[in-house]
Structure formats: C-alpha cells, structure tokens
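What follows is work-v7.txt (compact mmCIF, C-alpha atoms).
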# COMPACT_ATOMS: atom_id res chain seq x y z
CA MET A 22 22.35 -28.16 -12.66
CA LYS A 23 22.43 -25.57 -15.37
CA GLU A 24 24.39 -26.44 -18.50
CA PRO A 25 27.26 -24.04 -19.24
CA MET A 26 25.73 -22.94 -22.56
CA ASP A 27 22.26 -22.27 -21.16
CA HIS A 28 21.10 -18.69 -21.55
CA PRO A 29 20.03 -17.19 -18.26
CA PRO A 30 16.28 -16.78 -17.80
CA LEU A 31 14.64 -13.42 -18.04
CA VAL A 32 14.53 -13.05 -14.28
CA GLU A 33 18.32 -13.41 -14.10
CA LEU A 34 18.72 -10.56 -16.56
CA GLU A 35 16.44 -8.43 -14.46
CA LEU A 36 18.48 -9.35 -11.40
CA HIS A 37 21.66 -8.45 -13.26
CA LEU A 38 20.32 -4.96 -13.90
CA VAL A 39 19.79 -4.37 -10.19
CA GLY A 40 23.08 -5.97 -9.20
CA GLU A 41 21.60 -9.12 -7.70
CA SER A 42 22.43 -11.72 -10.32
CA GLU A 43 24.46 -14.89 -9.88
CA ALA A 44 28.14 -14.79 -10.81
CA GLU A 45 27.58 -17.33 -13.57
CA THR A 46 25.09 -14.98 -15.21
CA ASP A 47 27.67 -12.24 -15.32
CA VAL A 48 30.18 -14.64 -16.86
CA HIS A 49 27.65 -15.74 -19.45
CA LEU A 50 26.75 -12.17 -20.36
CA ALA A 51 30.38 -11.34 -21.01
CA SER A 52 30.45 -13.86 -23.82
CA CYS A 53 26.89 -13.94 -25.17
CA LEU A 54 25.88 -11.25 -27.64
CA MET A 55 22.27 -12.41 -27.74
CA CYS A 56 21.81 -12.04 -23.99
CA ARG A 57 23.55 -8.69 -23.99
CA ARG A 58 21.12 -7.47 -26.61
CA ARG A 59 18.25 -8.70 -24.50
CA LEU A 60 19.77 -6.86 -21.57
CA ASP A 61 20.05 -3.68 -23.65
CA ALA A 62 16.36 -3.94 -24.49
CA LEU A 63 15.56 -4.14 -20.78
CA ARG A 64 17.74 -1.10 -20.11
CA GLU A 65 15.90 0.85 -22.78
CA ALA A 66 12.58 -0.23 -21.26
CA ASN A 67 13.83 0.97 -17.89
CA GLN A 68 14.73 4.36 -19.30
CA ALA A 69 11.33 4.67 -20.96
CA TYR A 70 9.62 3.75 -17.70
CA TYR A 71 11.48 6.30 -15.59
CA ALA A 72 11.02 8.98 -18.25
CA ARG A 73 7.26 8.71 -18.09
CA GLN A 74 6.63 7.75 -14.48
CA ASP A 75 5.66 10.44 -11.98
CA GLU A 76 7.40 9.02 -8.95
CA ASP A 77 5.77 11.20 -6.32
CA ARG A 78 2.33 10.49 -7.63
CA LEU A 79 3.00 6.77 -7.89
CA LEU A 80 4.29 6.59 -4.36
CA GLY A 81 1.54 8.84 -3.04
CA LEU A 82 4.16 11.03 -1.43
CA GLU A 83 3.39 14.38 -2.90
CA VAL A 84 0.51 16.59 -3.67
CA GLN A 85 0.00 18.08 -7.07
CA ARG A 86 2.27 21.08 -7.25
CA GLY A 87 1.79 24.33 -9.05
CA ARG A 88 -1.84 23.69 -9.82
CA ALA A 89 -3.54 26.98 -10.34
CA TRP A 90 -6.68 27.70 -8.45
CA LEU A 91 -8.88 27.25 -11.45
CA TRP A 92 -12.22 26.54 -9.98
CA PRO A 93 -14.81 28.06 -12.22
CA VAL A 94 -16.75 31.02 -11.05
CA ALA A 95 -20.44 30.51 -10.78
CA GLY A 96 -22.87 33.31 -10.12
CA ALA A 97 -22.03 34.33 -6.60
CA ALA A 98 -25.57 34.32 -5.30
CA LEU A 99 -26.45 30.99 -6.89
CA ALA A 100 -23.25 29.39 -5.67
CA ALA A 101 -23.63 30.67 -2.16
CA GLY A 102 -27.16 29.36 -2.10
CA LEU A 103 -26.08 25.93 -3.23
CA LEU A 104 -23.34 25.86 -0.67
CA LEU A 105 -25.69 26.64 2.15
CA ALA A 106 -28.11 24.05 0.90
CA LEU A 107 -25.55 21.28 1.16
CA PRO A 108 -25.25 19.55 4.51
CA SER A 109 -21.86 20.15 5.97
CA PRO A 110 -20.73 17.67 8.60
CA PRO A 111 -18.12 18.64 11.15
CA SER A 112 -14.49 18.44 10.16
CA GLU A 113 -13.88 15.33 12.17
CA THR A 114 -16.18 12.65 10.93
CA ARG A 115 -16.43 8.94 10.73
CA PHE A 116 -18.11 7.88 7.50
CA LYS A 117 -18.29 4.17 6.86
CA GLY A 118 -15.96 3.55 9.77
CA ILE A 119 -13.19 5.82 8.50
CA ALA A 120 -11.89 8.17 11.17
CA ALA A 121 -10.33 11.18 9.52
CA THR A 122 -10.08 14.92 9.89
CA LEU A 123 -9.90 17.78 7.48
CA GLN A 124 -9.30 21.41 8.31
CA VAL A 125 -8.46 24.43 6.23
CA LEU A 126 -5.48 26.60 7.12
CA ARG A 127 -6.12 30.11 5.88
CA GLU A 128 -3.18 32.50 5.81
CA ARG A 129 -4.22 36.14 5.64
CA ARG A 130 -1.70 38.95 6.06
CA GLY A 131 0.61 36.73 8.05
CA ALA A 132 -2.04 35.32 10.39
CA VAL A 133 -3.05 31.69 10.06
CA THR A 134 -6.59 30.64 10.90
CA ARG A 135 -7.68 27.04 11.14
CA GLY A 136 -11.32 26.30 10.35
CA CYS A 137 -13.73 24.13 8.51
CA GLN A 138 -17.35 25.20 8.45
CA SER A 139 -18.08 28.05 6.06
CA LEU A 140 -14.61 29.47 6.49
CA SER A 141 -14.63 32.88 4.90
CA VAL A 142 -12.01 33.42 2.25
CA GLU A 143 -11.15 36.37 0.07
CA SER A 144 -8.85 37.16 -2.77
CA GLY A 145 -5.21 37.02 -1.73
CA ASP A 146 -5.74 34.50 1.08
CA ARG A 147 -3.52 31.46 0.87
CA LEU A 148 -4.89 28.06 1.76
CA ARG A 149 -3.53 24.69 2.79
CA PHE A 150 -5.21 21.68 4.35
CA ALA A 151 -4.52 19.80 7.57
CA VAL A 152 -5.40 16.15 7.15
CA SER A 153 -5.20 13.14 9.39
CA GLY A 154 -6.47 9.61 9.03
CA PRO A 155 -5.58 5.94 9.12
CA GLU A 156 -1.91 5.26 8.55
CA GLY A 157 -1.03 3.80 5.18
CA ALA A 158 -4.20 4.92 3.41
CA VAL A 159 -4.22 7.23 0.42
CA ALA A 160 -6.16 10.44 0.98
CA GLN A 161 -7.36 13.04 -1.47
CA VAL A 162 -8.67 16.52 -0.92
CA LEU A 163 -11.22 17.42 -3.56
CA GLY A 164 -12.67 20.81 -4.32
CA ARG A 165 -16.30 20.65 -5.38
CA THR A 166 -18.19 23.49 -6.92
CA GLU A 167 -21.54 23.47 -8.58
CA ARG A 168 -19.88 22.70 -11.88
CA GLU A 169 -16.99 20.36 -11.22
CA THR A 170 -14.78 18.48 -8.83
CA GLN A 171 -11.05 18.97 -8.85
CA LEU A 172 -8.24 17.12 -7.11
CA LEU A 173 -6.40 19.61 -4.91
CA ALA A 174 -4.08 17.38 -2.96
CA GLU A 175 -3.19 13.74 -2.64
CA LEU A 176 -1.11 12.16 0.06
CA LEU A 177 -0.22 8.99 1.86
CA LEU A 178 -1.48 9.19 5.42
CA ASP A 179 1.11 8.50 8.09
CA GLY A 180 -1.15 8.68 11.12
CA SER A 181 -0.11 12.20 12.06
CA ASP A 182 -1.60 15.60 11.29
CA GLN A 183 -0.25 16.34 7.80
CA VAL A 184 -0.39 19.67 6.04
CA VAL A 185 -0.76 19.72 2.26
CA PRO A 186 0.03 20.86 -0.34
CA THR A 187 3.65 21.85 -0.03
CA GLU A 188 2.91 25.19 -1.65
CA SER A 189 -0.26 26.93 -0.57
CA PHE A 190 -2.99 27.96 -2.97
CA GLU A 191 -3.81 31.59 -3.50
CA VAL A 192 -7.49 32.38 -3.53
CA PRO A 193 -8.29 34.15 -6.81
CA GLU A 194 -10.34 37.27 -7.20
CA THR A 195 -13.40 35.27 -8.11
CA LEU A 196 -14.16 32.05 -6.35
CA ALA A 197 -17.27 29.96 -6.45
CA ALA A 198 -18.63 28.55 -3.22
CA THR A 199 -16.71 25.39 -2.64
CA GLN A 200 -17.06 22.22 -0.69
CA LEU A 201 -13.79 20.56 0.30
CA VAL A 202 -14.11 16.82 0.53
CA LEU A 203 -11.58 14.50 2.10
CA THR A 204 -11.61 10.96 0.74
CA VAL A 205 -9.68 8.13 2.33
CA SER A 206 -9.11 5.06 0.17
CA GLY A 207 -11.79 6.36 -2.16
CA GLU A 208 -14.43 6.81 0.56
CA GLU A 209 -15.67 10.20 1.65
CA ALA A 210 -14.42 10.81 5.17
CA ALA A 211 -14.80 14.50 5.98
CA ARG A 212 -16.03 17.75 4.50
CA CYS A 213 -15.41 21.47 4.92
CA SER A 214 -16.78 24.49 3.14
CA LEU A 215 -15.39 27.78 1.95
CA SER A 216 -17.45 30.95 1.86
CA PRO A 217 -16.35 33.55 -0.64
CA PRO A 218 -17.27 37.14 0.18
CA MET B 12 15.28 -30.16 13.28
CA ALA B 13 15.19 -26.45 12.54
CA ALA B 14 11.75 -24.94 12.27
CA GLU B 15 10.77 -23.81 8.82
CA VAL B 16 10.79 -20.04 8.60
CA ASP B 17 7.92 -18.41 6.77
CA SER B 18 9.46 -15.25 5.40
CA SER B 19 6.49 -14.18 3.31
CA PRO B 20 5.59 -10.49 3.69
CA GLU B 21 2.40 -11.34 5.50
CA ALA B 22 4.07 -13.69 7.95
CA LEU B 23 6.76 -11.22 8.85
CA ALA B 24 4.25 -8.46 9.29
CA LEU B 25 2.19 -10.68 11.56
CA GLN B 26 5.25 -11.50 13.60
CA GLY B 27 5.51 -7.87 14.46
CA GLN B 28 8.76 -7.42 12.61
CA ALA B 29 7.30 -4.91 10.24
CA SER B 30 8.30 -1.33 10.53
CA LYS B 31 7.43 1.28 8.03
CA LEU B 32 9.69 2.32 5.20
CA SER B 33 10.57 5.97 5.09
CA ARG B 34 9.77 8.14 2.11
CA ASP B 35 13.43 8.22 1.14
CA GLU B 36 13.59 4.44 1.28
CA LEU B 37 10.53 4.21 -0.93
CA ARG B 38 12.10 6.52 -3.45
CA GLN B 39 15.34 4.51 -3.43
CA ILE B 40 13.42 1.29 -3.95
CA HIS B 41 11.50 2.80 -6.81
CA ARG B 42 14.60 4.19 -8.49
CA ARG B 43 16.40 0.89 -8.32
CA TYR B 44 13.64 -1.65 -8.75
CA GLY B 45 10.63 0.31 -9.99
CA ALA B 46 11.00 -0.46 -13.67
CA ALA B 47 11.38 -4.20 -13.09
CA MET B 48 8.44 -4.15 -10.69
CA TRP B 49 6.33 -2.30 -13.21
CA ARG B 50 7.22 -4.80 -15.93
CA ARG B 51 6.06 -7.63 -13.71
CA CYS B 52 2.80 -5.80 -13.06
CA ARG B 53 2.44 -5.04 -16.77
CA THR B 54 2.94 -8.68 -17.67
CA ILE B 55 0.12 -9.70 -15.38
CA MET B 56 -2.22 -6.74 -15.72
CA ARG B 57 -1.83 -6.32 -19.49
CA SER B 58 -2.24 -2.59 -19.70
CA ASP B 59 0.01 0.29 -18.72
CA ALA B 60 -2.66 2.01 -16.66
CA ALA B 61 -3.60 -1.16 -14.79
CA ALA B 62 0.08 -1.87 -14.19
CA ASP B 63 0.48 1.60 -12.71
CA ASP B 64 -2.46 0.95 -10.39
CA ALA B 65 -1.09 -2.42 -9.31
CA LEU B 66 2.39 -1.00 -8.78
CA GLN B 67 0.97 1.79 -6.65
CA GLU B 68 -0.89 -0.79 -4.61
CA ALA B 69 2.31 -2.80 -4.28
CA PHE B 70 4.15 0.22 -2.91
CA MET B 71 1.33 0.91 -0.48
CA ASN B 72 1.66 -2.65 0.78
CA LEU B 73 5.42 -2.37 0.82
CA ILE B 74 5.27 0.39 3.38
CA ARG B 75 3.77 -2.04 5.85
CA TYR B 76 6.36 -4.71 5.17
CA GLY B 77 9.33 -2.44 5.68
CA GLN B 78 11.39 -4.57 7.98
CA ALA B 79 10.78 -7.67 5.91
CA PHE B 80 12.07 -5.82 2.86
CA ARG B 81 15.20 -4.74 4.68
CA GLU B 82 15.86 -8.32 5.73
CA ALA B 83 15.30 -9.87 2.31
CA GLN B 84 18.55 -11.23 0.91
CA LYS B 85 17.58 -10.63 -2.69
CA LYS B 86 15.32 -7.68 -2.94
CA LEU B 87 13.92 -8.01 -6.44
CA PRO B 88 12.44 -11.52 -6.12
CA TRP B 89 10.86 -10.42 -2.85
CA LEU B 90 9.45 -7.31 -4.51
CA TYR B 91 8.11 -9.45 -7.35
CA GLN B 92 6.08 -11.33 -4.78
CA VAL B 93 4.64 -8.09 -3.44
CA CYS B 94 3.81 -7.01 -7.00
CA GLN B 95 2.18 -10.31 -7.86
CA ARG B 96 0.02 -10.26 -4.76
CA ALA B 97 -1.07 -6.73 -5.62
CA CYS B 98 -1.85 -7.81 -9.18
CA TRP B 99 -3.86 -10.86 -8.19
CA ALA B 100 -5.78 -8.84 -5.63
CA GLU B 101 -6.45 -6.10 -8.14
CA LEU B 102 -7.56 -8.54 -10.82
CA LYS B 103 -9.86 -10.32 -8.45
CA ARG B 104 -11.20 -7.05 -7.17
CA ARG B 105 -11.96 -5.81 -10.61
CA GLN B 106 -13.39 -9.15 -11.69
CA ARG B 107 -12.99 -7.96 -15.17
CA ALA B 108 -12.56 -9.99 -18.30
CA PRO B 109 -8.84 -10.15 -18.99
CA GLU B 110 -7.64 -8.26 -22.00
CA PRO B 111 -5.31 -9.80 -24.56
CA MET B 112 -1.97 -10.46 -22.95
CA ALA B 113 0.87 -9.80 -25.31
CA THR B 114 3.80 -9.88 -22.96
CA LEU B 115 4.05 -13.49 -21.91
CA PRO B 116 6.84 -15.08 -23.91
CA GLU B 117 5.78 -17.14 -26.90
CA GLU B 118 7.63 -20.31 -26.01
CA PRO B 119 6.15 -20.84 -22.57
CA LEU B 120 2.70 -20.08 -23.89
CA ALA B 121 3.20 -22.72 -26.50
CA GLU B 122 3.28 -25.21 -23.66
CA VAL B 123 -0.38 -24.57 -23.12
CA ASP B 124 -1.12 -24.53 -26.80
CA ASP B 125 -4.59 -25.99 -26.44
CA LEU B 126 -5.77 -22.67 -25.13
CA GLU B 127 -8.04 -20.67 -27.32
CA ASP B 128 -6.10 -17.50 -26.68
CA GLN B 129 -3.90 -15.82 -24.18
CA ASP B 130 -6.81 -14.43 -22.20
CA GLN B 131 -7.49 -17.90 -21.05
CA VAL B 132 -4.07 -18.04 -19.43
CA MET B 133 -4.99 -15.28 -17.03
CA LYS B 134 -8.27 -16.91 -16.12
CA ILE B 135 -6.43 -20.10 -15.40
CA LEU B 136 -3.77 -18.36 -13.32
CA LEU B 137 -6.44 -16.70 -11.22
CA ALA B 138 -8.10 -20.06 -10.63
CA LEU B 139 -4.90 -21.66 -9.30
CA GLU B 140 -3.77 -21.98 -5.73
CA PRO B 141 -1.29 -19.21 -4.78
CA LYS B 142 1.76 -21.45 -4.80
CA GLU B 143 0.79 -23.00 -8.11
CA ARG B 144 0.33 -19.50 -9.47
CA ASP B 145 3.85 -18.65 -8.29
CA LEU B 146 5.10 -21.76 -10.04
CA ALA B 147 3.38 -20.81 -13.29
CA VAL B 148 4.85 -17.32 -13.16
CA MET B 149 8.32 -18.64 -12.40
CA VAL B 150 8.30 -21.08 -15.30
CA TRP B 151 6.30 -19.17 -17.90
CA VAL B 152 7.05 -15.55 -17.11
CA GLU B 153 10.45 -15.58 -15.45
CA GLU B 154 11.66 -18.44 -17.66
CA ARG B 155 13.11 -20.32 -14.73
CA SER B 156 13.96 -23.99 -15.14
CA GLN B 157 11.84 -26.50 -13.27
CA GLY B 158 14.80 -27.23 -11.03
CA ASP B 159 15.21 -23.56 -10.20
CA ALA B 160 11.49 -23.18 -9.51
CA ALA B 161 11.60 -26.27 -7.29
CA GLU B 162 14.43 -24.75 -5.28
CA HIS B 163 12.58 -21.46 -4.82
CA LEU B 164 9.32 -23.10 -3.84
CA GLY B 165 10.88 -25.68 -1.58
CA TRP B 166 9.40 -28.50 -3.64
CA SER B 167 11.06 -31.47 -5.25
CA ARG B 168 11.56 -31.43 -9.00
CA GLN B 169 9.10 -34.29 -9.24
CA THR B 170 6.49 -32.23 -7.45
CA VAL B 171 7.12 -29.28 -9.73
CA ASN B 172 6.86 -31.49 -12.78
CA LYS B 173 3.66 -33.06 -11.49
CA ARG B 174 2.10 -29.71 -10.63
CA LEU B 175 2.95 -28.28 -14.04
CA LYS B 176 1.30 -31.25 -15.69
CA GLN B 177 -1.75 -30.71 -13.52
CA ILE B 178 -1.85 -27.05 -14.46
CA ARG B 179 -1.62 -27.92 -18.15
CA ALA B 180 -4.36 -30.51 -17.76
CA PHE B 181 -6.47 -27.98 -15.90
CA ALA B 182 -5.78 -25.44 -18.63
CA ARG B 183 -6.85 -27.83 -21.35
CA ALA B 184 -10.00 -28.73 -19.45
CA ARG B 185 -10.83 -25.06 -19.03
CA ALA B 186 -10.13 -24.37 -22.68
CA GLU B 187 -12.51 -27.11 -23.72
CA GLN B 188 -15.32 -25.71 -21.65
CA PRO B 189 -17.92 -23.97 -23.81

Can you turn what I pasted into structure tokens?
Amino acid sequence: MKEPMDHPPLVELELHLVGESEAETDVHLASCLMCRRRLDALREANQAYYARQDEDRLLGLEVQRGRAWLWPVAGAALAAGLLLALPSPPSETRFKGIAATLQVLRERRGAVTRGCQSLSVESGDRLRFAVSGPEGAVAQVLGRTERETQLLAELLLDGSDQVVPTESFEVPETLAATQLVLTVSGEEAARCSLSPP
Amino acid sequence: MAAEVDSSPEALALQGQASKLSRDELRQIHRRYGAAMWRRCRTIMRSDAAADDALQEAFMNLIRYGQAFREAQKKLPWLYQVCQRACWAELKRRQRAPEPMATLPEEPLAEVDDLEDQDQVMKILLALEPKERDLAVMVWVEERSQGDAAEHLGWSRQTVNKRLKQIRAFARARAEQP
C-alpha cells in the first residue's frame, strides 16, 4: 500500500499526461509542487519531441513531398551506355524471397502509361510509382544514376497496389539515365529503368 | 478456476484477434503517446537517432497488434511493452557496444553501485530473461515500487524481492568479470 506522502513514480506522471493516471496521483499532484515541476519538465520534453519529429516519416505513411527532381546530369551518351549495361530484371521480381512489384506511371499530355523496362521519358513528363509488396513492410523507391542514389519515395506497404508519391515528379530538361530500385525492408526487390531521349 | 489470459501483443496476434490499425489511428496514437513512447526508447537506446529507429520499429509492430491495442485498458503501459520489445530486438540485432546511458535515474542506478559504469547496466539487462528485464525496467526506469511491480507481473512481492536480489548479484558478478 502506498503511503499518502509518497511521490508518484515517473510512470504515473507519464500516465497523468495521457489521462490514464490513478485518481490518487491527481490528488497528489494538486498539492505537491515538486511533482508538478517534474510534470512540467515532461510537458516541455513532449513539446520538444513533437516540434522536431516528422510524424509521417516516422510512421512510414508518407513519401517525401516537394523533393525536386535533382538527379545530376551525366553525359547523355555515357549515361545511356551505363544504363544499357546494367541488367534490368522484370518489374515483378522475387529477390531473396521478397515478392514485390514496381512500375512507373508516366503522365504525358494527359495520357498515363504504365511501364518498367527502359520507359522513355522526356522533359515535362510527370512520374509516379506503383508499388506492391508484403503487408506491413517498409518500402523505398530509389533513383540511381551513375553518380548517386536518391530516395524518391518511402511508404508502408499495405498489401495493395499503392501509388506514390502523392505529388508526381516532373522530369527536368536534362535527366541522366536512371535505374529505379524498389527495396523492401532494406532488401532490393524490383528494378525499373528510365530512358531519357 | 478461470484460465489465465495471456494478453501480450504476440499472444493476441496469434489468437487471430489482431486487425490492422488505420493510418488515422496510428497518427492519433502518435500524437497522444508518441513522446512518452520515444522517451522510453531513448532511455533504453541511449541516442536520439537510435530511439527514432526503435520507435519506428515499434509503430511497425503496432500495426499488426491493432486489435490488442484497442482492447488494452491502459494504453501507455501496453505501448511501453511494444517499445521495449522493439528496443531489445534492435539492440540485439545491432549487437553493438552500448553507449553511455545518461537517462536512467541516479537513485535506482545506485542500487547496482558495484557496476563499473552505466554501460554495464544495458549489458546486464540484455542478458536477463524477458520478464526479469521487465521487472528491472519497472523498478529502475519507471520508479515503480516492488509491490506495484509485483502486481503488474503477477508475482508475489517475495518473488520480486528475490528476483531483484538475483539481478543485483548477477550484475555484481558481471561487473567483476575482467
């Protein structure tokens, strides 16, 4: 049995902040300046946490928004050559036991084309990705050029065919040949390629 | 005699009672409990980045235990369990040398004062059985009384007292190892 003058443990203060504390804790807090100060410190820590935390990213619910299509431009001939040299498996693959699909949705003058292998793209096209894979896993779509790899979209798979990102990318005037790689739980699962003009 | 109900996340999921949490539910959980969950992860993981990783893992797991979450009477203690499991799994997976742990309260740490430093505490926690680990967290992180911990674990106070002594003895033995 807790003595009346006992200060509530830390966990009770945390419970108080989320409205799940015992009634005796609330009574104690009303009369204990020390515990109220401790509670204030927790509230400040909460505010600091929510101020810095990117909720969508943490929960894996959202792709990166507003990211410019910044893939560096390599020499077109060199890049195209590298692209062709890379093996490009079909969009639906099963690497290391992971069944997943990746396809590119290209919107050009109002018409949407779905493709994967060496899909031709040109300036002004808008792109999104159709992804499916094991429910509950975190998937990433990476753009790989000769020079770098960039995260283009991240999502939590729900077992259905999901289209990401929310806002499509616009293909810039200059685009290096690009491999699109789908990773599921950190493992490569599928690959597509883009062919600039 | 009523059968004992195992309401752990894993048990409920295995019983087929799990149904996924929606995105909105996840957001609501994060907005209400996220900071407290992160603090628990931070206490165990000892760095902000590692705590973020563990918390993300906890939320990934939480999706699968949706129905169990909805049925939990007190949500935060249940979520703490999910966080702790994610932390232990992450620590074991990384198999990395623990970094200095500055967030465990001084008083409880003083109870294992034969330890060379706080790093040793984490090594000891990882070496314990899961329920003993829960006990250590309850007493030394959450600051619960032994009676309170006994009630939560379904043990007698004598058992809790005995186990804590065993943990301390184990800690001292580990600390004395070269």

Within 7 Å of chain A, which residues of chain B are there when counting all atoms listed in the file? Please give them as an mmCIF file with C-alpha atoms, in the frame of the given file.
data_model
loop_
_atom_site.group_PDB
_atom_site.id
_atom_site.type_symbol
_atom_site.label_atom_id
_atom_site.label_comp_id
_atom_site.auth_asym_id
_atom_site.auth_seq_id
_atom_site.Cartn_x
_atom_site.Cartn_y
_atom_site.Cartn_z
ATOM 1 C CA ARG B 43 16.400 0.890 -8.320
ATOM 2 C CA TYR B 44 13.640 -1.650 -8.750
ATOM 3 C CA ALA B 46 11.000 -0.460 -13.670
ATOM 4 C CA ALA B 47 11.380 -4.200 -13.090
ATOM 5 C CA GLN B 67 0.970 1.790 -6.650
ATOM 6 C CA PHE B 70 4.150 0.220 -2.910
ATOM 7 C CA MET B 71 1.330 0.910 -0.480
ATOM 8 C CA LYS B 85 17.580 -10.630 -2.690
ATOM 9 C CA LEU B 87 13.920 -8.010 -6.440
ATOM 10 C CA GLU B 153 10.450 -15.580 -15.450
ATOM 11 C CA GLU B 154 11.660 -18.440 -17.660
ATOM 12 C CA ARG B 155 13.110 -20.320 -14.730
#

Let me have the centre and edge lengths of the axis-aligned box enclosing all listed atoms of range 150-169 of chain A with 8 Å padding on every side, in Å to one decimal, as lines of an AutoDock Vina configuration file.
center_x = -11.3
center_y = 13.6
center_z = -1.2
size_x = 36.5
size_y = 35.7
size_z = 37.3

| message | Just to confirm, what's the straight-line distance from CA of Leu163 in chain A to CA of Ala121 in chain A in Å (one decimal)? | response |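 These two atoms are separated by 14.5 Å.
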
| Separation of CA of Leu173 in chain A and CA of Pro186 in chain A, in Å? | 8.0 Å

| request: Give me, please, the distance in Å between CA of Ala62 in chain A and CA of Cys52 in chain B, quoted to one decimal. | output: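 If I compute the distance from CA of Ala62 in chain A to CA of Cys52 in chain B, I get 17.8 Å.
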
| request: Measuring atom to atom with all atoms listed in the file, identify which of B:Glu68, B:Pro88, B:Met48, B:Cys94 is nearest to Ser206 in chain A. | output: B:Glu68

| query | Neighbours of Lys31 in chain B within 10 Å (all atoms listed in the file; same-chain residues fewer than 2 positions away dropped), as a list in words? | reply |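 Non-adjacent residues within range: Gly157 and Asp179 of chain A; Gln28, Ala29, Ser33, Arg34, Glu36, Leu37, Leu73, Ile74, Arg75, Tyr76, Gly77, Gln78, Ala79 and Phe80 of chain B.
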
| request: Show which residues sit within 6 Å of Arg165 in chain A, as a list in words. Count all atoms listed in the file, and ignore same-chain residues fewer than 2 positions away. | output: Glu169, Thr170, Thr199 and Gln200 of chain A

| task | Find the residues near Arg130 in chain A: any atom within 12 Å, counting only C-alpha atoms, skip ones fewer than 4 places away on the same chain, and give them as a PyMOL selection string. | result | chain A and resi 134+143-147

Block slice range 54-77 of chain A, N, CA and C atoms, emitted as a compact mmCIF listing (two decimals), in the first residue's frame:
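File out-v7.txt, as written:
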# COMPACT_ATOMS: atom_id res chain seq x y z
N LEU A 54 4.28 20.58 -5.16
CA LEU A 54 4.96 21.46 -6.12
C LEU A 54 6.08 20.73 -6.84
N MET A 55 6.79 19.88 -6.11
CA MET A 55 7.93 19.17 -6.71
C MET A 55 7.45 18.28 -7.87
N CYS A 56 6.39 17.56 -7.65
CA CYS A 56 5.88 16.68 -8.71
C CYS A 56 5.32 17.48 -9.87
N ARG A 57 4.72 18.61 -9.55
CA ARG A 57 4.19 19.44 -10.66
C ARG A 57 5.34 19.97 -11.52
N ARG A 58 6.43 20.30 -10.86
CA ARG A 58 7.59 20.76 -11.64
C ARG A 58 8.14 19.63 -12.52
N ARG A 59 8.14 18.46 -11.96
CA ARG A 59 8.60 17.30 -12.75
C ARG A 59 7.67 17.07 -13.95
N LEU A 60 6.39 17.27 -13.68
CA LEU A 60 5.40 17.12 -14.74
C LEU A 60 5.60 18.19 -15.82
N ASP A 61 5.91 19.41 -15.38
CA ASP A 61 6.16 20.49 -16.35
C ASP A 61 7.36 20.15 -17.23
N ALA A 62 8.36 19.55 -16.63
CA ALA A 62 9.56 19.18 -17.41
C ALA A 62 9.19 18.14 -18.47
N LEU A 63 8.31 17.22 -18.11
CA LEU A 63 7.86 16.22 -19.09
C LEU A 63 7.06 16.87 -20.20
N ARG A 64 6.23 17.84 -19.83
CA ARG A 64 5.44 18.55 -20.86
C ARG A 64 6.37 19.28 -21.83
N GLU A 65 7.39 19.90 -21.28
CA GLU A 65 8.35 20.60 -22.16
C GLU A 65 9.05 19.60 -23.07
N ALA A 66 9.40 18.46 -22.52
CA ALA A 66 10.06 17.42 -23.33
C ALA A 66 9.11 16.94 -24.43
N ASN A 67 7.83 16.84 -24.09
CA ASN A 67 6.85 16.45 -25.11
C ASN A 67 6.80 17.46 -26.25
N GLN A 68 6.76 18.73 -25.86
CA GLN A 68 6.70 19.78 -26.90
C GLN A 68 7.93 19.73 -27.79
N ALA A 69 9.08 19.54 -27.17
CA ALA A 69 10.32 19.49 -27.95
C ALA A 69 10.30 18.29 -28.90
N TYR A 70 9.76 17.18 -28.42
CA TYR A 70 9.69 15.98 -29.26
C TYR A 70 8.80 16.23 -30.48
N TYR A 71 7.59 16.74 -30.23
CA TYR A 71 6.67 16.92 -31.35
C TYR A 71 7.14 18.02 -32.31
N ALA A 72 7.90 18.98 -31.79
CA ALA A 72 8.42 20.04 -32.65
C ALA A 72 9.44 19.51 -33.64
N ARG A 73 10.17 18.49 -33.25
CA ARG A 73 11.24 18.02 -34.13
C ARG A 73 10.85 16.76 -34.92
N GLN A 74 9.85 16.05 -34.46
CA GLN A 74 9.55 14.76 -35.08
C GLN A 74 8.75 14.92 -36.37
N ASP A 75 9.19 14.26 -37.41
CA ASP A 75 8.45 14.21 -38.67
C ASP A 75 7.53 12.99 -38.59
N GLU A 76 6.29 13.26 -38.28
CA GLU A 76 5.35 12.18 -37.98
C GLU A 76 5.16 11.22 -39.16
N ASP A 77 4.97 11.79 -40.34
CA ASP A 77 4.73 10.93 -41.50
C ASP A 77 5.91 10.02 -41.77
